[in-house]
Structure formats: structure tokens, C-alpha cells
>>> print(open('run_13.cif').read())   # mmCIF, C-alpha atoms and all ligand atoms
data_protein
#
loop_
_atom_site.group_PDB
_atom_site.id
_atom_site.type_symbol
_atom_site.label_atom_id
_atom_site.label_comp_id
_atom_site.auth_asym_id
_atom_site.auth_seq_id
_atom_site.Cartn_x
_atom_site.Cartn_y
_atom_site.Cartn_z
ATOM 1 C CA MET D 1 -17.856 10.897 -24.649
ATOM 2 C CA VAL D 2 -18.410 12.989 -21.523
ATOM 3 C CA VAL D 3 -15.382 13.258 -19.230
ATOM 4 C CA GLY D 4 -16.049 15.326 -16.117
ATOM 5 C CA LEU D 5 -13.171 17.133 -14.446
ATOM 6 C CA PHE D 6 -13.292 17.259 -10.662
ATOM 7 C CA THR D 7 -10.884 19.653 -8.989
ATOM 8 C CA ASP D 8 -10.786 22.630 -6.621
ATOM 9 C CA ARG D 9 -8.102 25.228 -6.078
ATOM 10 C CA ARG D 10 -8.564 25.020 -2.304
ATOM 11 C CA MET D 11 -6.589 21.780 -2.538
ATOM 12 C CA LEU D 12 -3.561 24.005 -3.191
ATOM 13 C CA GLU D 13 -3.873 25.147 0.440
ATOM 14 C CA HIS D 14 -2.516 21.819 1.684
ATOM 15 C CA ARG D 15 0.947 23.152 2.417
ATOM 16 C CA VAL D 16 4.030 21.081 2.991
ATOM 17 C CA PRO D 17 7.557 22.046 4.006
ATOM 18 C CA HIS D 18 9.913 23.319 1.352
ATOM 19 C CA ARG D 19 11.215 20.637 -1.027
ATOM 20 C CA HIS D 20 8.522 18.116 -0.130
ATOM 21 C CA PRO D 21 7.738 16.348 -3.432
ATOM 22 C CA GLU D 22 3.938 16.381 -2.979
ATOM 23 C CA ARG D 23 3.609 20.154 -3.307
ATOM 24 C CA PRO D 24 0.905 22.511 -4.610
ATOM 25 C CA GLU D 25 2.891 23.208 -7.795
ATOM 26 C CA ARG D 26 1.956 19.710 -9.032
ATOM 27 C CA LEU D 27 -1.734 20.515 -9.247
ATOM 28 C CA GLN D 28 -1.070 24.084 -10.431
ATOM 29 C CA ALA D 29 0.969 22.801 -13.377
ATOM 30 C CA ILE D 30 -1.725 20.270 -14.317
ATOM 31 C CA LEU D 31 -4.455 22.912 -14.253
ATOM 32 C CA ARG D 32 -2.337 25.283 -16.346
ATOM 33 C CA GLN D 33 -1.645 22.574 -18.917
ATOM 34 C CA LEU D 34 -5.312 21.548 -19.207
ATOM 35 C CA GLU D 35 -6.292 25.214 -19.539
ATOM 36 C CA ARG D 36 -3.738 25.635 -22.336
ATOM 37 C CA ASN D 37 -5.182 22.593 -24.103
ATOM 38 C CA GLY D 38 -8.711 23.965 -23.716
ATOM 39 C CA TYR D 39 -9.986 20.956 -21.759
ATOM 40 C CA PHE D 40 -11.888 23.150 -19.324
ATOM 41 C CA ASN D 41 -13.971 24.335 -22.298
ATOM 42 C CA THR D 42 -14.794 20.845 -23.558
ATOM 43 C CA CYS D 43 -15.108 18.864 -20.293
ATOM 44 C CA PRO D 44 -17.828 19.638 -17.759
ATOM 45 C CA SER D 45 -16.607 20.653 -14.309
ATOM 46 C CA GLY D 46 -17.883 18.354 -11.599
ATOM 47 C CA LEU D 47 -19.209 19.381 -8.224
ATOM 48 C CA VAL D 48 -16.571 19.317 -5.491
ATOM 49 C CA ARG D 49 -17.515 19.391 -1.829
ATOM 50 C CA GLU D 50 -16.013 18.212 1.438
ATOM 51 C CA ALA D 51 -16.538 14.553 2.225
ATOM 52 C CA ARG D 52 -18.769 14.139 5.242
ATOM 53 C CA THR D 53 -17.673 12.274 8.345
ATOM 54 C CA ASP D 54 -20.225 9.500 7.732
ATOM 55 C CA GLU D 55 -18.699 8.988 4.270
ATOM 56 C CA LEU D 56 -15.107 8.950 5.542
ATOM 57 C CA THR D 57 -15.982 6.428 8.263
ATOM 58 C CA ARG D 58 -17.001 3.894 5.595
ATOM 59 C CA VAL D 59 -13.243 3.383 5.306
ATOM 60 C CA HIS D 60 -11.529 5.199 8.194
ATOM 61 C CA SER D 61 -11.911 4.946 11.964
ATOM 62 C CA SER D 62 -13.504 7.853 13.874
ATOM 63 C CA GLU D 63 -10.397 7.999 16.066
ATOM 64 C CA TYR D 64 -8.244 8.600 13.010
ATOM 65 C CA LEU D 65 -10.475 11.433 11.778
ATOM 66 C CA LEU D 66 -10.189 13.069 15.214
ATOM 67 C CA ARG D 67 -6.419 12.646 15.132
ATOM 68 C CA VAL D 68 -6.172 14.506 11.828
ATOM 69 C CA ALA D 69 -8.454 17.296 13.096
ATOM 70 C CA ASP D 70 -6.528 17.593 16.384
ATOM 71 C CA LEU D 71 -3.178 17.730 14.647
ATOM 72 C CA GLU D 72 -4.419 20.527 12.412
ATOM 73 C CA ALA D 73 -6.028 22.414 15.303
ATOM 74 C CA THR D 74 -2.811 22.371 17.296
ATOM 75 C CA GLY D 75 -0.779 23.961 14.509
ATOM 76 C CA GLY D 76 0.121 20.904 12.440
ATOM 77 C CA GLY D 77 2.669 18.132 12.351
ATOM 78 C CA LEU D 78 3.416 14.714 10.977
ATOM 79 C CA LEU D 79 1.001 11.790 10.608
ATOM 80 C CA ASP D 80 3.893 9.573 9.573
ATOM 81 C CA PRO D 81 7.491 10.439 8.596
ATOM 82 C CA ASP D 82 6.338 11.667 5.129
ATOM 83 C CA THR D 83 2.816 12.919 5.713
ATOM 84 C CA TRP D 84 2.205 16.452 6.938
ATOM 85 C CA VAL D 85 -0.970 18.039 8.242
ATOM 86 C CA PHE D 86 -1.050 21.833 8.553
ATOM 87 C CA PRO D 87 -3.940 24.300 8.764
ATOM 88 C CA GLY D 88 -5.724 23.881 5.420
ATOM 89 C CA SER D 89 -4.711 20.241 5.009
ATOM 90 C CA ASN D 90 -7.879 18.702 6.398
ATOM 91 C CA LEU D 91 -10.057 20.879 4.165
ATOM 92 C CA ALA D 92 -7.955 19.914 1.128
ATOM 93 C CA ALA D 93 -8.079 16.223 2.048
ATOM 94 C CA ARG D 94 -11.843 16.325 2.641
ATOM 95 C CA LEU D 95 -12.309 18.108 -0.696
ATOM 96 C CA ALA D 96 -10.167 15.482 -2.430
ATOM 97 C CA ALA D 97 -12.288 12.699 -0.949
ATOM 98 C CA GLY D 98 -15.530 14.591 -1.634
ATOM 99 C CA ALA D 99 -14.556 15.213 -5.270
ATOM 100 C CA VAL D 100 -14.013 11.517 -5.829
ATOM 101 C CA ILE D 101 -17.269 10.606 -4.057
ATOM 102 C CA GLU D 102 -19.228 13.096 -6.191
ATOM 103 C CA ALA D 103 -17.541 11.763 -9.320
ATOM 104 C CA VAL D 104 -19.127 8.363 -8.622
ATOM 105 C CA SER D 105 -22.647 9.814 -9.071
ATOM 106 C CA PHE D 106 -21.488 11.592 -12.210
ATOM 107 C CA VAL D 107 -20.060 8.459 -13.804
ATOM 108 C CA LEU D 108 -22.939 6.200 -12.797
ATOM 109 C CA ALA D 109 -25.553 8.583 -14.223
ATOM 110 C CA GLY D 110 -25.371 6.926 -17.643
ATOM 111 C CA LYS D 111 -23.366 4.933 -20.157
ATOM 112 C CA ASP D 112 -19.952 5.988 -21.414
ATOM 113 C CA ARG D 113 -19.444 8.534 -18.692
ATOM 114 C CA ARG D 114 -16.012 9.108 -17.258
ATOM 115 C CA ALA D 115 -14.411 11.376 -14.705
ATOM 116 C CA LEU D 116 -10.909 12.515 -13.877
ATOM 117 C CA CYS D 117 -10.355 13.744 -10.329
ATOM 118 C CA LEU D 118 -7.373 16.069 -10.077
ATOM 119 C CA VAL D 119 -6.892 16.032 -6.351
ATOM 120 C CA ARG D 120 -4.297 16.311 -3.645
ATOM 121 C CA PRO D 121 -3.298 15.020 -1.185
ATOM 122 C CA PRO D 122 -3.248 11.586 -2.882
ATOM 123 C CA GLY D 123 -4.876 8.591 -1.229
ATOM 124 C CA HIS D 124 -3.715 5.074 -2.067
ATOM 125 C CA HIS D 125 -1.320 4.651 0.884
ATOM 126 C CA ALA D 126 -3.850 5.849 3.494
ATOM 127 C CA ARG D 127 -4.885 3.029 5.814
ATOM 128 C CA PRO D 128 -8.099 2.743 7.862
ATOM 129 C CA ALA D 129 -6.513 4.276 10.958
ATOM 130 C CA GLU D 130 -3.301 5.764 9.630
ATOM 131 C CA GLY D 131 -2.150 8.408 7.189
ATOM 132 C CA MET D 132 0.877 7.346 5.202
ATOM 133 C CA GLY D 133 3.093 8.191 2.234
ATOM 134 C CA PHE D 134 1.701 11.740 1.579
ATOM 135 C CA CYS D 135 -1.873 10.350 1.805
ATOM 136 C CA ILE D 136 -4.460 11.460 4.386
ATOM 137 C CA TYR D 137 -7.755 9.914 3.199
ATOM 138 C CA ALA D 138 -8.134 6.884 0.944
ATOM 139 C CA ASN D 139 -9.770 8.685 -2.000
ATOM 140 C CA ILE D 140 -10.139 5.771 -4.414
ATOM 141 C CA SER D 141 -11.400 3.399 -1.707
ATOM 142 C CA LEU D 142 -13.956 5.996 -0.666
ATOM 143 C CA ALA D 143 -15.178 6.054 -4.281
ATOM 144 C CA ALA D 144 -15.594 2.279 -4.283
ATOM 145 C CA ALA D 145 -17.352 2.432 -0.917
ATOM 146 C CA GLU D 146 -19.713 5.124 -2.234
ATOM 147 C CA ALA D 147 -20.588 3.060 -5.317
ATOM 148 C CA LEU D 148 -21.285 -0.028 -3.197
ATOM 149 C CA ALA D 149 -23.276 1.873 -0.555
ATOM 150 C CA ARG D 150 -25.462 4.091 -2.708
ATOM 151 C CA PHE D 151 -25.708 2.540 -6.163
ATOM 152 C CA ASP D 152 -26.743 -0.707 -7.725
ATOM 153 C CA VAL D 153 -23.124 -1.747 -8.182
ATOM 154 C CA SER D 154 -21.680 -4.888 -6.675
ATOM 155 C CA ARG D 155 -18.504 -5.504 -8.679
ATOM 156 C CA ILE D 156 -15.711 -2.934 -9.027
ATOM 157 C CA LEU D 157 -12.191 -3.087 -10.405
ATOM 158 C CA ILE D 158 -9.525 -0.738 -9.050
ATOM 159 C CA ALA D 159 -6.368 -0.584 -11.175
ATOM 160 C CA ASP D 160 -3.358 1.214 -9.705
ATOM 161 C CA PHE D 161 -0.384 2.047 -11.959
ATOM 162 C CA ASP D 162 1.343 4.430 -9.543
ATOM 163 C CA VAL D 163 4.971 3.321 -9.176
ATOM 164 C CA HIS D 164 4.318 2.545 -5.494
ATOM 165 C CA HIS D 165 2.149 -0.304 -4.274
ATOM 166 C CA GLY D 166 -1.337 0.865 -3.253
ATOM 167 C CA ASN D 167 -1.094 -0.716 0.178
ATOM 168 C CA GLY D 168 -4.016 1.234 1.662
ATOM 169 C CA THR D 169 -6.431 0.234 -1.094
ATOM 170 C CA GLN D 170 -5.269 -3.376 -0.868
ATOM 171 C CA GLU D 171 -5.755 -3.478 2.902
ATOM 172 C CA ILE D 172 -9.242 -1.942 2.781
ATOM 173 C CA PHE D 173 -10.632 -4.478 0.279
ATOM 174 C CA TYR D 174 -8.362 -7.446 0.993
ATOM 175 C CA ASP D 175 -11.234 -9.709 2.105
ATOM 176 C CA SER D 176 -13.775 -8.472 -0.439
ATOM 177 C CA SER D 177 -14.845 -10.172 -3.656
ATOM 178 C CA ARG D 178 -16.831 -7.088 -4.648
ATOM 179 C CA VAL D 179 -13.742 -4.959 -5.230
ATOM 180 C CA GLY D 180 -10.893 -6.415 -7.265
ATOM 181 C CA PHE D 181 -7.539 -4.678 -6.873
ATOM 182 C CA LEU D 182 -4.755 -4.719 -9.445
ATOM 183 C CA SER D 183 -1.475 -2.968 -8.689
ATOM 184 C CA ILE D 184 1.577 -2.798 -10.924
ATOM 185 C CA HIS D 185 4.537 -1.247 -9.140
ATOM 186 C CA ARG D 186 8.249 -1.118 -8.593
ATOM 187 C CA TYR D 187 9.392 -3.779 -6.132
ATOM 188 C CA PRO D 188 11.224 -3.977 -3.829
ATOM 189 C CA PHE D 189 10.397 -0.359 -3.073
ATOM 190 C CA TYR D 190 8.310 1.838 -0.782
ATOM 191 C CA PRO D 191 6.012 0.904 1.002
ATOM 192 C CA GLY D 192 7.385 -2.661 1.037
ATOM 193 C CA THR D 193 4.099 -4.483 0.381
ATOM 194 C CA GLY D 194 2.706 -5.744 -2.923
ATOM 195 C CA ALA D 195 4.462 -9.082 -3.344
ATOM 196 C CA ARG D 196 3.018 -11.506 -5.881
ATOM 197 C CA ASN D 197 1.772 -13.846 -3.157
ATOM 198 C CA GLU D 198 -0.486 -11.166 -1.618
ATOM 199 C CA THR D 199 -3.691 -12.259 -3.333
ATOM 200 C CA GLY D 200 -6.490 -11.512 -0.857
ATOM 201 C CA GLU D 201 -8.083 -13.516 1.929
ATOM 202 C CA GLY D 202 -11.428 -15.095 2.800
ATOM 203 C CA GLU D 203 -14.037 -14.163 0.207
ATOM 204 C CA GLY D 204 -11.492 -11.832 -1.333
ATOM 205 C CA LEU D 205 -9.000 -14.579 -2.106
ATOM 206 C CA GLY D 206 -7.992 -14.189 -5.748
ATOM 207 C CA TYR D 207 -9.369 -10.630 -5.998
ATOM 208 C CA THR D 208 -6.057 -8.898 -5.283
ATOM 209 C CA LEU D 209 -3.484 -9.150 -8.047
ATOM 210 C CA ASN D 210 -0.038 -7.667 -7.556
ATOM 211 C CA ILE D 211 2.479 -7.218 -10.348
ATOM 212 C CA PRO D 212 5.766 -6.337 -8.640
ATOM 213 C CA LEU D 213 8.520 -5.384 -11.088
ATOM 214 C CA PRO D 214 12.183 -4.664 -10.398
ATOM 215 C CA TYR D 215 13.856 -1.413 -11.387
ATOM 216 C CA GLY D 216 15.117 -1.739 -14.958
ATOM 217 C CA THR D 217 12.238 -3.872 -16.270
ATOM 218 C CA PRO D 218 11.946 -3.229 -20.043
ATOM 219 C CA ARG D 219 8.817 -1.344 -21.064
ATOM 220 C CA THR D 220 7.642 -4.176 -23.313
ATOM 221 C CA GLU D 221 7.779 -6.553 -20.335
ATOM 222 C CA TYR D 222 5.951 -4.031 -18.175
ATOM 223 C CA HIS D 223 3.099 -3.841 -20.690
ATOM 224 C CA ALA D 224 2.919 -7.593 -21.239
ATOM 225 C CA ALA D 225 2.661 -8.146 -17.472
ATOM 226 C CA PHE D 226 0.021 -5.434 -17.071
ATOM 227 C CA ARG D 227 -2.066 -6.686 -19.974
ATOM 228 C CA SER D 228 -2.159 -10.294 -18.828
ATOM 229 C CA GLY D 229 -2.856 -9.333 -15.192
ATOM 230 C CA LEU D 230 -5.627 -6.960 -16.228
ATOM 231 C CA GLU D 231 -7.271 -9.537 -18.494
ATOM 232 C CA ARG D 232 -7.143 -12.164 -15.770
ATOM 233 C CA LEU D 233 -8.592 -9.996 -12.996
ATOM 234 C CA ALA D 234 -11.167 -8.242 -15.197
ATOM 235 C CA SER D 235 -12.606 -11.546 -16.399
ATOM 236 C CA ARG D 236 -12.845 -12.723 -12.795
ATOM 237 C CA VAL D 237 -14.409 -9.505 -11.430
ATOM 238 C CA ARG D 238 -16.501 -8.531 -14.501
ATOM 239 C CA PRO D 239 -16.562 -4.971 -13.126
ATOM 240 C CA GLU D 240 -19.597 -2.708 -13.389
ATOM 241 C CA LEU D 241 -17.289 0.230 -12.710
ATOM 242 C CA VAL D 242 -13.568 0.708 -13.405
ATOM 243 C CA LEU D 243 -11.596 2.920 -11.026
ATOM 244 C CA ILE D 244 -8.036 4.029 -11.758
ATOM 245 C CA SER D 245 -5.423 5.081 -9.202
ATOM 246 C CA ALA D 246 -3.533 7.173 -11.726
ATOM 247 C CA GLY D 247 -0.054 7.865 -10.451
ATOM 248 C CA PHE D 248 2.550 9.022 -12.941
ATOM 249 C CA ASP D 249 5.681 8.509 -10.846
ATOM 250 C CA ALA D 250 6.748 5.453 -12.869
ATOM 251 C CA HIS D 251 7.931 7.959 -15.507
ATOM 252 C CA ALA D 252 11.655 7.649 -16.284
ATOM 253 C CA GLU D 253 12.316 11.227 -15.157
ATOM 254 C CA ASP D 254 10.368 11.091 -11.921
ATOM 255 C CA PRO D 255 12.569 12.075 -8.956
ATOM 256 C CA VAL D 256 10.732 9.817 -6.480
ATOM 257 C CA GLY D 257 9.720 6.732 -8.458
ATOM 258 C CA ASP D 258 11.016 5.902 -11.944
ATOM 259 C CA LEU D 259 10.217 2.610 -13.573
ATOM 260 C CA GLY D 260 11.476 3.781 -16.943
ATOM 261 C CA LEU D 261 8.103 4.699 -18.475
ATOM 262 C CA GLU D 262 7.435 7.468 -21.015
ATOM 263 C CA ILE D 263 4.267 9.499 -21.556
ATOM 264 C CA GLU D 264 3.080 7.151 -24.314
ATOM 265 C CA ASP D 265 3.223 4.243 -21.869
ATOM 266 C CA PHE D 266 0.566 5.905 -19.729
ATOM 267 C CA GLU D 267 -1.518 6.295 -22.898
ATOM 268 C CA ILE D 268 -1.248 2.551 -23.505
ATOM 269 C CA LEU D 269 -2.285 1.775 -19.905
ATOM 270 C CA THR D 270 -5.242 4.147 -20.167
ATOM 271 C CA LYS D 271 -6.339 2.656 -23.479
ATOM 272 C CA GLU D 272 -6.307 -0.847 -22.034
ATOM 273 C CA LEU D 273 -8.320 0.201 -18.989
ATOM 274 C CA VAL D 274 -10.867 2.014 -21.156
ATOM 275 C CA SER D 275 -11.180 -1.127 -23.248
ATOM 276 C CA VAL D 276 -11.928 -3.193 -20.119
ATOM 277 C CA ALA D 277 -14.578 -0.623 -19.174
ATOM 278 C CA GLU D 278 -16.096 -0.885 -22.655
ATOM 279 C CA THR D 279 -16.205 -4.671 -22.386
ATOM 280 C CA TYR D 280 -17.685 -4.931 -18.913
ATOM 281 C CA SER D 281 -18.939 -1.652 -17.485
ATOM 282 C CA GLU D 282 -20.686 0.303 -20.257
ATOM 283 C CA GLY D 283 -17.551 2.387 -20.694
ATOM 284 C CA ARG D 284 -17.683 3.870 -17.215
ATOM 285 C CA VAL D 285 -14.319 4.903 -15.786
ATOM 286 C CA LEU D 286 -13.394 7.066 -12.825
ATOM 287 C CA SER D 287 -9.745 8.055 -12.567
ATOM 288 C CA VAL D 288 -8.078 9.671 -9.557
ATOM 289 C CA LEU D 289 -4.684 11.356 -9.427
ATOM 290 C CA GLU D 290 -2.180 9.699 -7.103
ATOM 291 C CA GLY D 291 1.586 10.391 -7.420
ATOM 292 C CA GLY D 292 3.845 11.972 -10.033
ATOM 293 C CA TYR D 293 6.552 14.364 -8.870
ATOM 294 C CA ASN D 294 8.332 15.734 -11.921
ATOM 295 C CA VAL D 295 6.058 18.743 -12.221
ATOM 296 C CA PRO D 296 6.210 19.529 -15.986
ATOM 297 C CA ILE D 297 6.227 15.854 -16.941
ATOM 298 C CA LEU D 298 3.310 15.149 -14.621
ATOM 299 C CA ALA D 299 1.248 17.813 -16.393
ATOM 300 C CA GLY D 300 2.004 16.231 -19.774
ATOM 301 C CA CYS D 301 1.152 12.744 -18.493
ATOM 302 C CA VAL D 302 -2.199 13.916 -17.111
ATOM 303 C CA ALA D 303 -3.120 15.654 -20.387
ATOM 304 C CA ALA D 304 -2.300 12.485 -22.335
ATOM 305 C CA HIS D 305 -4.267 10.351 -19.851
ATOM 306 C CA LEU D 306 -7.281 12.670 -20.121
ATOM 307 C CA HIS D 307 -7.164 12.530 -23.896
ATOM 308 C CA ARG D 308 -7.099 8.714 -23.834
ATOM 309 C CA LEU D 309 -10.053 8.744 -21.455
ATOM 310 C CA GLY D 310 -11.932 10.265 -24.380
ATOM 311 C CA ALA D 311 -11.744 14.013 -23.746
ATOM 312 C CA GLU D 312 -11.156 16.315 -26.703
ATOM 313 C CA PRO D 313 -8.943 19.361 -26.379
ATOM 314 C CA GLY D 314 -10.615 22.687 -27.156
ATOM 315 C CA ARG D 315 -9.495 26.241 -27.684
ATOM 316 C CA GLY D 316 -7.249 27.151 -24.740
HETATM 317 ZN ZN ZN P 1 3.601 6.904 -5.954
#
>>> encode(input="run_13.cif", output="C-alpha cells", more="lines below")
Ligand SMILES: [Zn+2]
Amino acid sequence: MVVGLFTDRRMLEHRVPHRHPERPERLQAILRQLERNGYFNTCPSGLVREARTDELTRVHSSEYLLRVADLEATGGGLLDPDTWVFPGSNLAARLAAGAVIEAVSFVLAGKDRRALCLVRPPGHHARPAEGMGFCIYANISLAAAEALARFDVSRILIADFDVHHGNGTQEIFYDSSRVGFLSIHRYPFYPGTGARNETGEGEGLGYTLNIPLPYGTPRTEYHAAFRSGLERLASRVRPELVLISAGFDAHAEDPVGDLGLEIEDFEILTKELVSVAETYSEGRVLSVLEGGYNVPILAGCVAAHLHRLGAEPGRG
């Protein structure tokens, strides 16, 4: 199994005010942990470059891209009450998007190829013309758009197990039958969307599947709901490519999210998604980091996720 790692230390230059949960230390801790486990010796490093404007406009409006650039050029500020842009942020966000776009070519180059994109800022709340919830560009949606635009792929499944609903991803593909979207998340909770009756529209009707779960849901119930939702949507979409919005903020000790999960729960989720990829998409999986704000626990979750994607630890 080849699992490519896509990351770039320039993404640490996206700076946020003190105590903001989405801080550079998250990615630093992940990289340290994967180095310790020797994964950088066993997994190939993928090419990371800035996403081009013509790639970003597959999903975002030109006006929005200008707004981000202007905000950065004038010293920085807020895109929404949680989402900062400072000098360095646009480069980091374009690298995050570019890493995920490049990972598509990597994964689609053969059978049983996978990629893990360790990027920040995250992406699943970003809307076509609006940054939101720590997210500037819609990384995972840009991956799906790349696969549809440049490869012989017409059916994609995006599964999002971040504790928050992936409202941006849902909005971008809401009327599409080419991209199925599954989100399991805490509800009611930020960002407020992701009710069970949000199921898509037009051609996309039935291709969005939300699994909203209240705080305190037992882990066995969480897994039963995920498994049945995943089976249902995967058999409808029959994906040629499986994309994962991998957020780890549903962990019981996460300061932002918390849906009572433990590290082994993320291993179970990963295993089930890999099994869907083996059934439908020649094993091909592309996973992208979203949330996860307990820094040491996040690093452990990512290492476990990477291992379940098929990567073998090496000598650190
Ligand atoms: Zn989240």
C-alpha cells in the first residue's frame, strides 16, 4: 500500500491570535508524532504547491478570492467572527488547497493508492463566497472538483466525520449526483446546519446524507448510525474515489467539539471507509485534515488514522 503524505511547513505561517484553537501547534505536533513513528521514511512525500486561481474558482467566486487577498494586503482581519486572515494566511490556504489538488493526481495514478493531506487552515466550512469557521478555501471540495474536471471520474463520495457539520462541502455539491456527501456530526451544534432532512436538491436529491447526533450519544450508537449511513450512500453513489474530511474534534477530550469518541473510534471509521474504497474504488482514498483541537490527542488520532489507511511505521 502506498500512502502519500502531503504537507508543507509554510502552512505554519498562518498565524492566529493567541488562544485561537486552530493554531500552528496542531500541525507541528502531528508532524513531530509522524516523525517519531518513522512515517516520513515509509510514506512518500507528495508535491505541495499553491492552488492556482483558475482551480480555486471551480468552487469559489473571484470576488471572494480578491477579498481574501485584500484583507491580507491591508494587514489582516476577520473573514467571519472565527476566521482570521493575516500576512502568510493566503499562502498557507493556497498551499493547503494545492496539496489536496495534487493529491488527487497521486491517488488516481493507480490502484490502491492513498493520500493523507496534513493541511491548515481546514476547509469544510468554507462556502463559495465566504470564509467561515476557521476555513478559508474549501480543500476537500476542490479535490472533488479537480477529480471531476481533469480525470475520468464521475462518481465521488465525501465522508466527513469532523464533529461539526461540513456545511461548505454540502452547499457546494448540494445539487450534484456526481458527489455524494455523508456527514456525521454533533447536533444541534455549530454551524447549525446538517439536519436529517437536508438530503440534496434537483439531481442531487438523495446524494446528501446527514447523521446528526446529540451530545452524549453512546459510541456503539454512533458507529451503528455511521455504518448504516455509509452503506446506504456508498451503494447509491458507487464511488470511483473516496474522499475523507478527517476532523478529530469528536474526541472526548477535545476542547471545541467532543462527541465522546476515543482514538480507536477513529480507527473504526477509517477501516470502514477503506473497506468502501476497496469495494467500489480500487482502494483509492484521499483524506484531508479538518478539525481537532486537543493538540497531543490530535497527533495520536492522526497517527492511528494514517496507520489504518495502510501506512506502516518505520524507524523514527
Ligand atoms: Zn470541527
>>> residues_near_ligand(input="run_13.cif", ligand="ligand ZN 1 (chain P)", cutoff="8 Å", atoms="all atoms listed in the file", output="ChimeraX atom specification")
/D:162-165,247-250,256-257,290-292
>>> resolve_selection(input="run_13.cif", expression="the PyMOL selection byres (((chain D and resi 185) around 10) and not hetatm)", output="PyMOL selection string")
chain D and resi 160-166+182-184+186-190+194-195+210-215+222+249-250+257+259
>>> closest_atom_pairs(input="run_13.cif", of="stretch 226-284 of chain D", to="stretch 200-209 of chain D", cutoff="8 Å", atoms="all atoms listed in the file", output="Markdown table")
| residue | atom | partner | partner_atom | distance |
| --- | --- | --- | --- | --- |
| D:Gly229 | CA | D:Leu209 | CA | 7.2 |
| D:Leu233 | CA | D:Tyr207 | CA | 7.1 |
| D:Arg236 | CA | D:Tyr207 | CA | 7.9 |
| D:Val237 | CA | D:Tyr207 | CA | 7.5 |
>>> resolve_selection(input="run_13.cif", expression="the PyMOL selection byres (((chain D and resi 143-152) around 9) and not hetatm)", output="list in words")
Glu55, Arg58, Val59, Ala97, Gly98, Val100, Ile101, Glu102, Ala103, Val104, Ser105, Leu108, Ala138, Asn139, Ile140, Ser141, Leu142, Val153, Ser154, Arg155, Ile156, Leu157, Ile158, Arg178, Val179, Leu241, Leu243 and Leu286 of chain D
>>> closest_residue(input="run_13.cif", among="D:Glu272, D:Glu221, D:Glu264, D:Glu240", to="D:Asp112", atoms="all atoms listed in the file")
D:Glu240
>>> residues_around(input="run_13.cif", residues="stretch 65-75 of chain D", least_positions_apart="4", cutoff="10 Å", atoms="only C-alpha atoms", output="ChimeraX atom specification")
/D:53,56-57,60-61,79,84-91,128-131,136-137
>>> axis_aligned_box(input="run_13.cif", around="stretch 277-286 of chain D", padding_each_side="5 Å", output="JSON")
{"center_x": -17.0, "center_y": 1.1, "center_z": -17.7, "size_x": 17.3, "size_y": 22.0, "size_z": 19.8}
>>> atom_distance(input="run_13.cif", atom1="atom CA of D:Arg23", atom2="atom CA of D:Arg120")
8.8 Å
>>> atom_distance(input="run_13.cif", atom1="atom CA of D:Gln33", atom2="atom CA of D:Ala303")
7.2 Å
>>> atom_distance(input="run_13.cif", atom1="atom CA of D:Arg26", atom2="atom CA of D:Val274")
25.0 Å
>>> closest_residue(input="run_13.cif", among="D:Glu231, D:Asp265, D:Glu278, D:Glu13", to="D:Glu25", atoms="all atoms listed in the file")
D:Glu13
>>> residues_around(input="run_13.cif", residues="D:Pro121", least_positions_apart="6", cutoff="8 Å", atoms="all atoms listed in the file", output="NGL selection string")
:D and (11 or 14 or 22 or 92-93 or 96 or 134-136)
>>> resolve_selection(input="run_13.cif", expression="the PyMOL selection byres (((chain D and resi 36) around 12) and not hetatm)", output="list in words")
Ala29, Ile30, Leu31, Arg32, Gln33, Leu34, Glu35, Asn37, Gly38, Tyr39, Phe40, Asn41, Ala299, Gly300, Ala303, Pro313, Gly314, Arg315 and Gly316 of chain D
>>> closest_residue(input="run_13.cif", among="D:Arg284, D:Arg94, D:Arg19, D:Arg308", to="D:Lys111", atoms="only C-alpha atoms")
D:Arg284
>>> closest_residue(input="run_13.cif", among="D:Gly260, D:Gly180, D:Gly168, D:Gly216", to="D:Thr193", atoms="only C-alpha atoms")
D:Gly168
>>> closest_residue(input="run_13.cif", among="D:Phe226, D:Gly77, D:Gln170, D:Ala159", to="D:Pro17", atoms="all atoms listed in the file")
D:Gly77
>>> closest_residue(input="run_13.cif", among="D:Pro296, D:Pro255, D:Gly310, D:Gly283", to="D:His20", atoms="all atoms listed in the file")
D:Pro255
>>> decode(input="run_13.cif", residues="stretch 235-273 of chain D", atoms="C-alpha atoms", output="PDB file, in the first residue's frame")
ATOM      1  CA  SER D 235     -24.274   1.719  -2.672  1.00  0.00           C
ATOM      2  CA  ARG D 236     -26.158   4.632  -4.219  1.00  0.00           C
ATOM      3  CA  VAL D 237     -23.048   6.567  -5.336  1.00  0.00           C
ATOM      4  CA  ARG D 238     -20.773   3.584  -6.155  1.00  0.00           C
ATOM      5  CA  PRO D 239     -17.807   5.959  -5.801  1.00  0.00           C
ATOM      6  CA  GLU D 240     -14.736   5.773  -8.025  1.00  0.00           C
ATOM      7  CA  LEU D 241     -12.893   7.818  -5.409  1.00  0.00           C
ATOM      8  CA  VAL D 242     -13.413   8.125  -1.642  1.00  0.00           C
ATOM      9  CA  LEU D 243     -12.548  11.443  -0.003  1.00  0.00           C
ATOM     10  CA  ILE D 244     -12.429  11.878   3.769  1.00  0.00           C
ATOM     11  CA  SER D 245     -12.871  15.133   5.687  1.00  0.00           C
ATOM     12  CA  ALA D 246     -10.905  13.861   8.659  1.00  0.00           C
ATOM     13  CA  GLY D 247     -11.631  16.004  11.674  1.00  0.00           C
ATOM     14  CA  PHE D 248     -10.752  14.624  15.085  1.00  0.00           C
ATOM     15  CA  ASP D 249     -12.681  17.073  17.261  1.00  0.00           C
ATOM     16  CA  ALA D 250     -15.331  14.473  18.146  1.00  0.00           C
ATOM     17  CA  HIS D 251     -12.742  13.072  20.591  1.00  0.00           C
ATOM     18  CA  ALA D 252     -13.969  13.056  24.204  1.00  0.00           C
ATOM     19  CA  GLU D 253     -11.144  15.363  25.305  1.00  0.00           C
ATOM     20  CA  ASP D 254     -11.463  17.895  22.518  1.00  0.00           C
ATOM     21  CA  PRO D 255     -11.942  21.419  23.917  1.00  0.00           C
ATOM     22  CA  VAL D 256     -14.065  22.607  20.969  1.00  0.00           C
ATOM     23  CA  GLY D 257     -16.123  19.591  19.905  1.00  0.00           C
ATOM     24  CA  ASP D 258     -16.436  16.385  21.940  1.00  0.00           C
ATOM     25  CA  LEU D 259     -18.833  13.674  20.923  1.00  0.00           C
ATOM     26  CA  GLY D 260     -17.320  11.195  23.348  1.00  0.00           C
ATOM     27  CA  LEU D 261     -15.080   9.342  20.875  1.00  0.00           C
ATOM     28  CA  GLU D 262     -11.710   7.717  21.632  1.00  0.00           C
ATOM     29  CA  ILE D 263      -8.747   7.174  19.313  1.00  0.00           C
ATOM     30  CA  GLU D 264      -9.884   3.631  18.483  1.00  0.00           C
ATOM     31  CA  ASP D 265     -13.198   5.011  17.235  1.00  0.00           C
ATOM     32  CA  PHE D 266     -11.379   6.941  14.521  1.00  0.00           C
ATOM     33  CA  GLU D 267      -9.620   3.685  13.604  1.00  0.00           C
ATOM     34  CA  ILE D 268     -13.006   2.007  13.177  1.00  0.00           C
ATOM     35  CA  LEU D 269     -14.278   4.871  10.982  1.00  0.00           C
ATOM     36  CA  THR D 270     -11.132   4.738   8.855  1.00  0.00           C
ATOM     37  CA  LYS D 271     -11.371   0.971   8.467  1.00  0.00           C
ATOM     38  CA  GLU D 272     -14.959   1.215   7.272  1.00  0.00           C
ATOM     39  CA  LEU D 273     -14.121   3.928   4.751  1.00  0.00           C
TER      40      LEU D 273
END
